[in-house]
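Reviewing the structure listed below.
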Amino acid sequence: MTATGHFANASPFHDLDEYLALPRVAGLALSPDGTRLVTSIAELNDKRTEYVSALWEIDTAGEAPARRLTRGAKGESTPAFTADGDLLFVAVRPTADDEKPPAALWRLPAAGGEAATVLALGGAVEAVRTAREADVAVVRSSLLPSARDIADDRRLRDLRKDNKITAILHTGYPIRYWDSDLGPAEPHLLAVDPTGEADAARDLTAAPGGALRESDFDVSGDGRFVVTTWQRPAPGASRHSVLMRVDLDSGEREVIVEEPDADTWGPAIAPDGSGVVYIRETFSTPQVAPRMTLGYLRFGEPPVVLAEQWDRWPASVTWLHDGSAVIVTADQDGRRPVFRVDLDGGAVTQLTFDDHSYTDVVAAPDGTLFALRSSYAAPPHPVRIDADGAVTELPCAPLPSLPGTLTELDATADDGTRVRSWLVLPDGDRQAPLLLWIHGGPLSSWNVWSWRWNPWLLAARGYAVLLPDPGLSTGYGQQFVQRGWGAWGGAPYTDLMAATDAACRHPRVDQDRTAAMGGSFGGYMANWVAGHTDRFDAIVTHASLWALDQFGATTDSSYYWLREMTREMAQENSPHNHVHEIRTPMLVIHGDKDYRVPIGEALRLWYELLTHSGLPADNDGESPHRFLYFPSENHWVLTPQHAKLWYQVVTAFLARHVLDEDIEVPETLG
């Protein structure tokens, strides 16, 4: 793989195999002195059945091509630098004794040489954080609750494995998360000396009771303490996220931020260890949407809210090296710029002004920032942001050429609100059929590149793709979210129709050939659209909510759902009540391992389409509707071979109903 430049040949979006083979960049790690920058790049394996990531070093000056550092057969991820510049990472390295070991922590010396194991446990090492000025690393890994120590954990795991026991006895909630069954092992934080004896670790969080599932944590620069999110059981089988400080020497822990009406997460400790900045999310009610703001605790003082009047939701936070301010990213108008927030007074200064979204921001000692940025015009790629605001692309994986152009489109909603969209137009000057793509979330925005829902694959086939941000979308202020809160069938729906009307007035769009697609919340909206208008020729609904009466109690996070809608509101906004009005052919797609939107939603939708819709199955069982089912996939359908099938079936379905063309489905479907 070349590590610089753009593809010079025809767009890879015209061929699914070429598209799936594109390298994918994720994550950044910066050495304490700011001289070394590392990312991971994932590429297809030889069988084209999974992505394998390797670590690459990027030239911070932007002159030399990226340099590959690791070549493990199973890949490497989660890079982090130690205080002396060694590189830690997580990797699975099979051995003669164990062909499928859990992921372990490894160290690659700065001076060169081979990587060595730092910590191998019975459970996988999931995350690692390091101290900037001390030989200290903290990892998150799971231990069985009855294990006396790390060695006993291995014994108990072998006992369950040898006896083929998979049963889990739960005492609390939740029991599942996205696509994973929780338990019986519980995440712990373990302290490690990366330069010391291999496999030596101290448990910092005895008996956590599930408090560290999906935890964010940070290590102080001097390696004396950790601040982590800590999830406590709360009324109604809910969870309440607080911030816990854990002393690395004694293991003593203390709750330092506990807000009665908000969850707190994403802690970032000040460089001098004097305080912590974090993100706070207020509890929603069926009447009031949540709000995200920045919290700041200076140790020994009460916590405060920074930039309280700033009408944006912080998505990430990190400190400038000198501790004078924090650097924040936040959705804004279909982008995600970088902002500086001052500690004194909370003044907010926007630092980037391009059409991109920034993630993984890290700060160097001289004030230079490094980040990944992406948009619907480019996949994630590393950049340097200088003190004067200049942004420089750094050589890394090549950026693909695009089979069309990206433009913005404004519409006006029924209540006079501006609704903006991205509009992808295919190459050429002919009119193109329109695909309305509805984003998930719903608290999100079409502002970052997506490998799974990529509009350029459809643009390469001649479609115009509309990516609107209706009510509930982030980046347009709190009131824009509130417009659709608890009333999904209201403003979000009418906003989508307003955006579609505006797109149909574009001279390149053929308003007589249209389709709608959506996944998750977008799938909910696709179902709602199907029951409320006949304007589209076809509808694709992926991982979608259908019957809100059953969804609320079966999703993996029921308590959060109850903060969104009352039973009466759920009934009023449930698409299944309008199945008899559906007269548009629908393609239903769902993975059985989807715990966020359980498979029961698709099963009920499929049955009711065939029996109660305006296009029921005939006496021979034939129907224009289709159901693409993935027994081994989750909410997103991630494996390359299934992602390829997903697009093949979707494009064939659209071709049949939008273009009046018959395309054979892949023979791999049998």
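Following the order of the structure tokens, first chain is A, next is B, and so on, with residues numbered from 1 inside each chain and ligands from 1 in the order they appear.
In the backbone-derived DSSP annotation, strand (DSSP E or B) within stretch 413-487 of chain A comprises Arg418, Val419, Arg420, Ser421, Trp422, Leu423, Val424, Leu425, Pro426, Ala432, Pro433, Leu434, Leu435, Leu436, Trp437, Ile438, Ala464, Val465, Leu466, Leu467 and Pro468 of chain A.
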Near stretch 585-601 of chain A, 9 Å: stretch 431-540 of chain A residue rows, closest pairs, only C-alpha atoms, as JSON lines:
```
{"residue": "A:Gly519", "atom": "CA", "partner": "A:Ile589", "partner_atom": "CA", "distance": 8.9}
{"residue": "A:Ser520", "atom": "CA", "partner": "A:Val597", "partner_atom": "CA", "distance": 7.2}
{"residue": "A:Asn527", "atom": "CA", "partner": "A:Met586", "partner_atom": "CA", "distance": 8.9}
{"residue": "A:Ala530", "atom": "CA", "partner": "A:Met586", "partner_atom": "CA", "distance": 8.2}
{"residue": "A:Asp537", "atom": "CA", "partner": "A:Pro585", "partner_atom": "CA", "distance": 7.3}
{"residue": "A:Ala538", "atom": "CA", "partner": "A:Pro585", "partner_atom": "CA", "distance": 5.2}
{"residue": "A:Ile539", "atom": "CA", "partner": "A:Met586", "partner_atom": "CA", "distance": 4.8}
{"residue": "A:Val540", "atom": "CA", "partner": "A:Leu587", "partner_atom": "CA", "distance": 4.7}
```
Atoms kept (N, CA and C atoms) for selection, written as an mmCIF file, in the first residue's frame:
```cif
data_model
loop_
_atom_site.group_PDB
_atom_site.id
_atom_site.type_symbol
_atom_site.label_atom_id
_atom_site.label_comp_id
_atom_site.auth_asym_id
_atom_site.auth_seq_id
_atom_site.Cartn_x
_atom_site.Cartn_y
_atom_site.Cartn_z
ATOM 1 N N GLY A 519 -31.345 3.465 8.520
ATOM 2 C CA GLY A 519 -30.957 2.417 9.449
ATOM 3 C C GLY A 519 -31.103 2.870 10.884
ATOM 4 N N SER A 520 -31.517 1.960 11.772
ATOM 5 C CA SER A 520 -31.721 2.253 13.183
ATOM 6 C C SER A 520 -32.845 3.289 13.316
ATOM 7 N N ASN A 527 -39.770 3.385 8.011
ATOM 8 C CA ASN A 527 -41.054 2.718 8.252
ATOM 9 C C ASN A 527 -42.187 3.736 8.391
ATOM 10 N N ALA A 530 -43.045 5.077 5.012
ATOM 11 C CA ALA A 530 -43.811 4.099 4.232
ATOM 12 C C ALA A 530 -45.288 4.133 4.571
ATOM 13 N N ASP A 537 -40.758 5.145 -4.709
ATOM 14 C CA ASP A 537 -40.935 3.910 -5.476
ATOM 15 C C ASP A 537 -40.471 2.676 -4.710
ATOM 16 N N ALA A 538 -39.591 2.870 -3.746
ATOM 17 C CA ALA A 538 -39.068 1.744 -2.950
ATOM 18 C C ALA A 538 -38.548 2.305 -1.640
ATOM 19 N N ILE A 539 -38.548 1.452 -0.603
ATOM 20 C CA ILE A 539 -38.051 1.850 0.715
ATOM 21 C C ILE A 539 -37.203 0.722 1.280
ATOM 22 N N VAL A 540 -36.009 1.075 1.775
ATOM 23 C CA VAL A 540 -35.119 0.121 2.424
ATOM 24 C C VAL A 540 -35.045 0.483 3.900
#
```
Note to self: I'd like the neighbourhood of A:Leu610 as a ChimeraX atom specification, where a residue qualifies if any of its atoms comes within 9 Å (using only C-alpha atoms), though same-chain residues fewer than 6 positions away should be ignored.
What the structure shows: /A:616-618,621-623,625
With N, CA and C atoms kept, could you save the residues just selected as a short mmCIF file (atom, residue, chain, number, x, y, z; two decimals), in the first residue's frame?
```cif
data_model
loop_
_atom_site.label_atom_id
_atom_site.label_comp_id
_atom_site.auth_asym_id
_atom_site.auth_seq_id
_atom_site.Cartn_x
_atom_site.Cartn_y
_atom_site.Cartn_z
N PRO A 616 -49.98 -6.93 0.41
CA PRO A 616 -49.78 -8.21 1.10
C PRO A 616 -49.31 -9.29 0.14
N ALA A 617 -48.85 -10.39 0.69
CA ALA A 617 -48.51 -11.55 -0.13
C ALA A 617 -49.77 -12.12 -0.75
N ASP A 618 -49.65 -12.63 -1.99
CA ASP A 618 -50.82 -13.21 -2.64
C ASP A 618 -51.03 -14.64 -2.13
N GLY A 621 -48.13 -16.80 -1.80
CA GLY A 621 -47.05 -16.36 -0.91
C GLY A 621 -46.09 -15.37 -1.54
N GLU A 622 -46.39 -14.91 -2.76
CA GLU A 622 -45.50 -13.97 -3.44
C GLU A 622 -45.78 -12.55 -2.95
N SER A 623 -44.72 -11.77 -2.86
CA SER A 623 -44.84 -10.40 -2.37
C SER A 623 -43.74 -9.55 -2.99
N HIS A 625 -42.27 -7.29 -1.32
CA HIS A 625 -41.36 -7.02 -0.20
C HIS A 625 -40.28 -8.09 -0.12
#
```
Sorted per-residue table, stretch 242-282 of chain A near stretch 125-131 of chain A, closest atoms and distance, 12 Å, only C-alpha atoms, as a tab-separated table:
```
residue	atom	partner	partner_atom	distance
A:Leu248	CA	A:Ala131	CA	11.4
A:Ala268	CA	A:Arg129	CA	11.4
A:Ile269	CA	A:Ala131	CA	10.7
A:Ala270	CA	A:Ala131	CA	11.9
A:Pro271	CA	A:Ala131	CA	10.1
A:Asp272	CA	A:Ala131	CA	11.6
A:Gly273	CA	A:Ala131	CA	11.0
```
Write out the residues from the selection above, keeping C-alpha atoms, as a JSON list (two decimals), in the first residue's frame.
```json
[["chain", "number", "residue", "atom", "x", "y", "z"],
["A", 248, "LEU", "CA", -2.75, 4.00, 42.03],
["A", 268, "ALA", "CA", -9.57, 14.44, 30.79],
["A", 269, "ILE", "CA", -7.14, 15.22, 33.63],
["A", 270, "ALA", "CA", -5.29, 18.56, 33.59],
["A", 271, "PRO", "CA", -1.60, 18.26, 32.66],
["A", 272, "ASP", "CA", -0.56, 19.35, 36.18],
["A", 273, "GLY", "CA", -3.10, 17.04, 37.84]]
```
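Compared by their closest atoms to A:Ala134, and using only C-alpha atoms, the residues A:Pro174, A:Gly113, A:Gly62, A:Pro32 rank with A:Pro32 nearest.
Nearest residue to A:Ser421, choosing from A:Ala460, A:Ile438, A:Leu443, A:Leu638 and counting only C-alpha atoms: A:Ile438.
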Note to self: Just want the 10 Å neighbourhood of stretch 369-375 of chain A, counted on only C-alpha atoms, with same-chain residues fewer than 4 positions away dropped. Output as a ChimeraX atom specification.
What the structure shows: /A:25-30,34,37,39,60,320-321,327,334-338,354-365,379-387,389,391-394,446-450
Considering only C-alpha atoms, tabulate each residue of stretch 153-252 of chain A that lies at most 9 Å from stretch 556-576 of chain A along with its nearest interatomic pair and the corresponding distance in Å to one decimal; arrange the rows by chain and ascending residue number and present them as CSV.
```
residue,atom,partner,partner_atom,distance
A:Tyr173,CA,A:Ser557,CA,8.7
A:Pro174,CA,A:Asp556,CA,6.5
A:Ile175,CA,A:Asp556,CA,7.3
A:Arg176,CA,A:Asp556,CA,5.5
A:Tyr177,CA,A:Asp556,CA,5.7
A:Trp178,CA,A:Asp556,CA,6.9
A:Gly236,CA,A:Tyr559,CA,6.8
A:Ala237,CA,A:Tyr559,CA,6.6
A:Ser238,CA,A:Tyr559,CA,5.3
A:Arg239,CA,A:Tyr559,CA,8.1
```
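The coordinates place atom CA of A:Val242 at 25.9 Å from atom CA of A:Leu472.
Residue nearest A:Met517 within the list A:Gln482, A:Thr651, A:Thr205, A:Thr352: A:Thr651 [criterion: smallest interatomic distance, only C-alpha atoms].
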Margin query: Ranking A:Ala115, A:Thr494, A:Arg505, A:Ala103 by minimum distance to A:Arg71 and counting only C-alpha atoms, which one comes first?
Written below: A:Ala115
Checklist line | A:Val227 surroundings by only C-alpha atoms, 7 Å radius, close-in-sequence under 3 positions cut, as a PyMOL selection string | finding: chain A and resi 217-219+243-246+267
The selected residues should be written to file as a PDB file, in the first residue's frame (atoms: C-alpha atoms).
```
ATOM      1  CA  PHE A 217     -10.685   6.769  31.968  1.00  0.00           C
ATOM      2  CA  ASP A 218      -7.589   8.935  32.090  1.00  0.00           C
ATOM      3  CA  VAL A 219      -4.271   8.692  33.965  1.00  0.00           C
ATOM      4  CA  LEU A 243     -16.685  10.174  38.032  1.00  0.00           C
ATOM      5  CA  MET A 244     -14.455   8.149  40.333  1.00  0.00           C
ATOM      6  CA  ARG A 245     -10.894   9.007  41.351  1.00  0.00           C
ATOM      7  CA  VAL A 246      -8.694   5.965  42.061  1.00  0.00           C
ATOM      8  CA  PRO A 267     -12.780  12.632  31.795  1.00  0.00           C
TER       9      PRO A 267
END
```
Check: Contacts of stretch 105-111 of chain A at 12 Å or less, counting only C-alpha atoms, minus same-chain residues fewer than 2 places along, as a PyMOL selection string?
Finding: chain A and resi 31+35-36+55+57+69-70+72+76-93+102-103+113-121+123-129+137-141+190+192-196+198-201
Checklist line | A:Leu615 environment, 8 Å, only C-alpha atoms, sequence neighbours closer than 6 positions dropped, as an NGL selection string | finding: :A and (582-585 or 609 or 623-624)
Next, dump the selected residues to file, keeping only C-alpha atoms, as a compact mmCIF listing (two decimals), in the first residue's frame.
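After the write, result.txt holds the following:
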```txt
# COMPACT_ATOMS: atom_id res chain seq x y z
CA ILE A 582 -48.03 0.86 3.23
CA ARG A 583 -48.28 0.49 -0.53
CA THR A 584 -44.57 0.83 -1.32
CA PRO A 585 -42.30 -2.22 -1.81
CA LEU A 609 -46.06 -6.48 5.78
CA SER A 623 -44.84 -10.40 -2.37
CA PRO A 624 -42.91 -7.37 -3.69
```
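Among A:Val226, A:Thr412, A:Asn634, A:Val341, the residue with the shortest atom-to-atom distance to A:Glu254, counting only C-alpha atoms, is A:Val226.
Nearest to A:Gln231 of all the residues A:Leu212, A:Ala464, A:Ala432, A:Val424 is A:Leu212, based on only C-alpha atoms.
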Next item on the list: Can you work out the spacing between atom CA of A:Gly221 and atom CA of A:Ala66 in Å, to one decimal?
Entry: 28.4 Å
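Within stretch 144-197 of chain A, residues classed as alpha helix (DSSP H) by DSSP on backbone coordinates are Ile150, Ala151, Asp152, Asp153, Arg154, Arg155, Leu156, Arg157, Asp158, Leu159, Arg160, Lys161 and Asp162 of chain A.
Going from atom CA of A:Trp606 over to atom CA of A:Pro631, you cover 15.5 Å.
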